[in-house]
$ cat final.cif   # mmCIF, C-alpha atoms, pLDDT in the B column; chains and numbers go by the auth columns
data_work
loop_
_atom_site.group_PDB
_atom_site.id
_atom_site.type_symbol
_atom_site.label_atom_id
_atom_site.label_comp_id
_atom_site.label_asym_id
_atom_site.label_seq_id
_atom_site.Cartn_x
_atom_site.Cartn_y
_atom_site.Cartn_z
_atom_site.B_iso_or_equiv
_atom_site.auth_seq_id
_atom_site.auth_asym_id
ATOM 1 C CA MET A 1 -91.240 51.749 192.225 66.00 11 V
ATOM 2 C CA LYS A 2 -94.966 51.389 191.545 69.00 12 V
ATOM 3 C CA THR A 3 -95.287 55.145 190.941 77.00 13 V
ATOM 4 C CA ASN A 4 -92.576 54.973 188.270 76.00 14 V
ATOM 5 C CA ILE A 5 -94.404 52.131 186.549 80.00 15 V
ATOM 6 C CA TYR A 6 -97.684 54.089 186.708 78.00 16 V
ATOM 7 C CA LYS A 7 -95.983 57.200 185.316 80.00 17 V
ATOM 8 C CA LEU A 8 -94.358 55.200 182.520 80.00 18 V
ATOM 9 C CA GLY A 9 -97.633 53.412 181.770 82.00 19 V
ATOM 10 C CA SER A 10 -99.662 56.635 181.710 85.00 20 V
ATOM 11 C CA THR A 11 -97.060 58.335 179.508 87.00 21 V
ATOM 12 C CA LEU A 12 -97.120 55.427 177.042 85.00 22 V
ATOM 13 C CA LEU A 13 -100.929 55.438 177.089 84.00 23 V
ATOM 14 C CA ILE A 14 -101.029 59.163 176.301 86.00 24 V
ATOM 15 C CA ILE A 15 -98.512 58.740 173.473 86.00 25 V
ATOM 16 C CA LEU A 16 -100.490 55.795 172.079 81.00 26 V
ATOM 17 C CA LEU A 17 -103.748 57.763 172.236 78.00 27 V
ATOM 18 C CA LEU A 18 -102.130 60.737 170.486 77.00 28 V
ATOM 19 C CA ILE A 19 -100.855 58.500 167.712 77.00 29 V
ATOM 20 C CA VAL A 20 -104.170 56.723 167.223 74.00 30 V
ATOM 21 C CA PHE A 21 -106.377 59.818 167.247 74.00 31 V
ATOM 22 C CA SER A 22 -104.042 62.182 165.392 70.00 32 V
ATOM 23 C CA CYS A 23 -103.896 59.880 162.384 63.00 33 V
ATOM 24 C CA LYS A 24 -107.667 59.760 161.977 59.00 34 V
ATOM 25 C CA LYS A 25 -108.688 61.180 158.632 65.00 35 V
ATOM 26 C CA ASP A 26 -111.609 63.616 158.688 63.00 36 V
ATOM 27 C CA ILE A 27 -114.007 62.831 155.873 66.00 37 V
ATOM 28 C CA ASN A 28 -116.439 65.633 155.194 64.00 38 V
ATOM 29 C CA SER A 29 -117.116 65.027 151.547 61.00 39 V
ATOM 30 C CA ILE A 30 -120.506 65.724 150.079 60.00 40 V
ATOM 31 C CA ALA A 31 -121.759 63.269 147.526 58.00 41 V
ATOM 32 C CA PRO A 32 -122.791 64.947 144.264 54.00 42 V
ATOM 33 C CA ASP A 33 -126.484 65.184 143.661 53.00 43 V
ATOM 34 C CA GLN A 34 -127.036 62.961 140.634 49.00 44 V
ATOM 35 C CA ALA A 35 -130.674 63.907 140.161 47.00 45 V
ATOM 36 C CA SER A 36 -130.270 67.687 140.104 55.00 46 V
ATOM 37 C CA GLY A 37 -128.328 67.786 136.825 61.00 47 V
ATOM 38 C CA LYS A 38 -125.375 69.653 138.321 70.00 48 V
ATOM 39 C CA LEU A 39 -121.959 69.687 136.708 67.00 49 V
ATOM 40 C CA LYS A 40 -120.184 66.358 136.612 74.00 50 V
ATOM 41 C CA SER A 41 -117.124 67.262 134.537 77.00 51 V
ATOM 42 C CA MET A 42 -115.348 70.237 132.971 76.00 52 V
ATOM 43 C CA SER A 43 -116.992 69.525 129.637 76.00 53 V
ATOM 44 C CA ASP A 44 -120.394 70.309 131.219 76.00 54 V
ATOM 45 C CA LEU A 45 -119.405 73.977 131.723 76.00 55 V
ATOM 46 C CA LYS A 46 -121.274 76.503 129.602 80.00 56 V
ATOM 47 C CA VAL A 47 -118.985 79.409 128.681 80.00 57 V
ATOM 48 C CA SER A 48 -119.868 82.242 126.312 83.00 58 V
ATOM 49 C CA SER A 49 -118.057 82.194 123.004 83.00 59 V
ATOM 50 C CA ASP A 50 -116.451 85.632 123.555 83.00 60 V
ATOM 51 C CA PHE A 51 -114.821 84.656 126.883 81.00 61 V
ATOM 52 C CA ASN A 52 -111.046 85.238 126.839 78.00 62 V
ATOM 53 C CA TRP A 53 -109.184 82.321 128.432 80.00 63 V
ATOM 54 C CA LYS A 54 -105.791 84.023 128.243 83.00 64 V
ATOM 55 C CA THR A 55 -104.286 85.217 131.506 88.00 65 V
ATOM 56 C CA THR A 56 -101.452 87.208 129.918 90.00 66 V
ATOM 57 C CA GLN A 57 -101.064 89.807 127.198 90.00 67 V
ATOM 58 C CA ASN A 58 -98.140 90.721 124.968 92.00 68 V
ATOM 59 C CA ILE A 59 -97.310 94.421 124.895 91.00 69 V
ATOM 60 C CA ASP A 60 -95.283 95.952 122.067 94.00 70 V
ATOM 61 C CA MET A 61 -93.277 98.974 123.179 92.00 71 V
ATOM 62 C CA GLU A 62 -91.536 101.715 121.206 92.00 72 V
ATOM 63 C CA LEU A 63 -89.638 104.036 123.518 91.00 73 V
ATOM 64 C CA THR A 64 -87.296 106.929 122.747 90.00 74 V
ATOM 65 C CA SER A 65 -85.156 109.258 124.807 89.00 75 V
ATOM 66 C CA PRO A 66 -83.206 112.313 123.639 90.00 76 V
ATOM 67 C CA GLU A 67 -80.217 111.175 125.708 91.00 77 V
ATOM 68 C CA LYS A 68 -78.762 107.931 126.999 91.00 78 V
ATOM 69 C CA ALA A 69 -80.968 106.703 129.872 91.00 79 V
ATOM 70 C CA SER A 70 -81.590 103.673 132.063 92.00 80 V
ATOM 71 C CA LEU A 71 -85.090 102.238 131.850 91.00 81 V
ATOM 72 C CA VAL A 72 -87.060 100.020 134.237 93.00 82 V
ATOM 73 C CA VAL A 73 -90.557 98.839 133.274 93.00 83 V
ATOM 74 C CA LYS A 74 -92.602 97.589 136.216 92.00 84 V
ATOM 75 C CA SER A 75 -96.098 97.153 137.603 91.00 85 V
ATOM 76 C CA ALA A 76 -97.695 99.475 140.138 87.00 86 V
ATOM 77 C CA SER A 77 -96.915 96.889 142.832 89.00 87 V
ATOM 78 C CA GLY A 78 -93.213 96.871 141.896 88.00 88 V
ATOM 79 C CA VAL A 79 -92.855 93.698 139.788 91.00 89 V
ATOM 80 C CA VAL A 80 -90.082 94.418 137.258 93.00 90 V
ATOM 81 C CA PHE A 81 -90.798 93.289 133.684 92.00 91 V
ATOM 82 C CA GLN A 82 -87.924 94.874 131.767 91.00 92 V
ATOM 83 C CA LYS A 83 -84.625 96.669 132.341 93.00 93 V
ATOM 84 C CA ALA A 84 -82.828 98.332 129.478 91.00 94 V
ATOM 85 C CA LEU A 85 -80.455 101.083 128.435 91.00 95 V
ATOM 86 C CA LEU A 86 -81.962 103.582 126.002 90.00 96 V
ATOM 87 C CA GLN A 87 -79.581 105.084 123.468 90.00 97 V
ATOM 88 C CA GLY A 88 -80.034 108.797 122.826 84.00 98 V
ATOM 89 C CA GLY A 89 -82.197 109.536 119.793 85.00 99 V
ATOM 90 C CA GLU A 90 -82.797 105.859 118.927 90.00 100 V
ATOM 91 C CA THR A 91 -86.098 104.010 119.216 90.00 101 V
ATOM 92 C CA TYR A 92 -86.028 101.081 121.604 91.00 102 V
ATOM 93 C CA LYS A 93 -88.471 98.406 120.394 92.00 103 V
ATOM 94 C CA THR A 94 -89.362 95.386 122.482 92.00 104 V
ATOM 95 C CA SER A 95 -92.238 93.151 123.505 93.00 105 V
ATOM 96 C CA ILE A 96 -93.065 92.053 127.057 92.00 106 V
ATOM 97 C CA THR A 97 -95.617 89.673 128.531 92.00 107 V
ATOM 98 C CA ILE A 98 -97.668 90.953 131.458 91.00 108 V
ATOM 99 C CA PRO A 99 -100.822 89.831 133.311 91.00 109 V
ATOM 100 C CA ASN A 100 -104.017 90.380 131.358 88.00 110 V
ATOM 101 C CA TYR A 101 -105.647 92.549 134.029 89.00 111 V
ATOM 102 C CA MET A 102 -102.970 95.276 133.826 90.00 112 V
ATOM 103 C CA LYS A 103 -103.990 98.450 132.006 91.00 113 V
ATOM 104 C CA GLU A 104 -100.957 100.634 132.837 92.00 114 V
ATOM 105 C CA LEU A 105 -97.221 100.315 133.418 92.00 115 V
ATOM 106 C CA THR A 106 -94.754 102.316 135.479 93.00 116 V
ATOM 107 C CA PHE A 107 -91.652 103.484 133.619 92.00 117 V
ATOM 108 C CA VAL A 108 -88.623 104.634 135.606 92.00 118 V
ATOM 109 C CA VAL A 109 -86.182 106.557 133.401 90.00 119 V
ATOM 110 C CA ASN A 110 -83.023 107.769 135.146 88.00 120 V
ATOM 111 C CA GLY A 111 -84.843 107.548 138.484 86.00 121 V
ATOM 112 C CA VAL A 112 -87.941 109.500 137.392 89.00 122 V
ATOM 113 C CA SER A 113 -91.196 107.481 137.471 89.00 123 V
ATOM 114 C CA SER A 114 -94.109 107.929 135.106 90.00 124 V
ATOM 115 C CA VAL A 115 -97.276 105.863 134.685 91.00 125 V
ATOM 116 C CA ILE A 116 -98.324 105.175 131.095 90.00 126 V
ATOM 117 C CA ASN A 117 -101.584 103.566 129.960 90.00 127 V
ATOM 118 C CA ILE A 118 -101.564 100.578 127.628 90.00 128 V
ATOM 119 C CA GLN A 119 -103.638 101.147 124.498 91.00 129 V
ATOM 120 C CA ASN A 120 -104.384 98.318 122.045 91.00 130 V
ATOM 121 C CA ASN A 121 -101.540 96.225 123.515 90.00 131 V
ATOM 122 C CA ARG A 122 -99.009 98.946 122.604 92.00 132 V
ATOM 123 C CA VAL A 123 -97.019 101.603 124.367 92.00 133 V
ATOM 124 C CA ILE A 124 -95.390 104.322 122.251 90.00 134 V
ATOM 125 C CA HIS A 125 -93.716 107.015 124.317 88.00 135 V
ATOM 126 C CA SER A 126 -90.898 109.565 124.238 86.00 136 V
ATOM 127 C CA PHE A 127 -89.224 110.544 127.512 85.00 137 V
#
$ encode --input "final.cif" --output "structure tokens"
Amino acid sequence: MKTNIYKLGSTLLIILLLIVFSCKKDINSIAPDQASGKLKSMSDLKVSSDFNWKTTQNIDMELTSPEKASLVVKSASGVVFQKALLQGGETYKTSITIPNYMKELTFVVNGVSSVINIQNNRVIHSF
């Protein structure tokens, strides 16, 4: 009987210790150095006047195909931006928004892939 009480007591003690010590918040914050003149807010940032804050770019596209064709516009990593059906002999005009770092797009027309560079935020191409 005493062994059961000791087992129950030790189990409760372990559970209590786990609860007490697992809820302890670790505080490792570093106080800002007030005397060094470091940044204190976002308004203290010095950014050059020609810095571009935009993270996306709008691309105007003019695409033509001599025959009816399915079109998929995607990134090199496979992110699809546009799907369309090109009509034979007609110019397909559209605008898409892509990440600012992208300099080329992959066009899949009727299952055939081709990589086309973006120039001056425009893509004009005939397949």
$ atom_distance --input "final.cif" --atom1 "CA of Ala86 in chain V" --atom2 "CA of Gly99 in chain V"
27.5 Å
$ residues_around --input "final.cif" --residues "Lys103 in chain V" --least-positions-apart "3" --cutoff "9 Å" --atoms "all atoms listed in the file" --output "list in words"
Asp70, Met71, Glu72, Leu73 and Thr74 of chain V
$ resolve_selection --input "final.cif" --expression "the PyMOL selection byres ((chain V and resi 131-133) around 6)" --output "list in words"
Ile69, Asp70, Met71, Ile128, Gln129, Asn130 and Ile134 of chain V
$ resolve_selection --input "final.cif" --expression "the PyMOL selection byres ((chain V and resi 85) around 10)" --output "short mmCIF file (atom, residue, chain, number, x, y, z; two decimals) with C-alpha atoms, in the coordinates of the input"
data_model
loop_
_atom_site.label_atom_id
_atom_site.label_comp_id
_atom_site.auth_asym_id
_atom_site.auth_seq_id
_atom_site.Cartn_x
_atom_site.Cartn_y
_atom_site.Cartn_z
CA VAL V 83 -90.56 98.84 133.27
CA LYS V 84 -92.60 97.59 136.22
CA ALA V 86 -97.70 99.48 140.14
CA SER V 87 -96.92 96.89 142.83
CA GLY V 88 -93.21 96.87 141.90
CA VAL V 89 -92.86 93.70 139.79
CA VAL V 90 -90.08 94.42 137.26
CA PHE V 91 -90.80 93.29 133.68
CA ILE V 108 -97.67 90.95 131.46
CA PRO V 109 -100.82 89.83 133.31
CA MET V 112 -102.97 95.28 133.83
CA LYS V 113 -103.99 98.45 132.01
CA GLU V 114 -100.96 100.63 132.84
CA LEU V 115 -97.22 100.32 133.42
CA THR V 116 -94.75 102.32 135.48
CA PHE V 117 -91.65 103.48 133.62
CA VAL V 125 -97.28 105.86 134.68
#
$ closest_residue --input "final.cif" --among "V:Thr107, V:Ser20, V:Ser123, V:Asn14" --to "Thr66 in chain V" --atoms "all atoms listed in the file"
V:Thr107
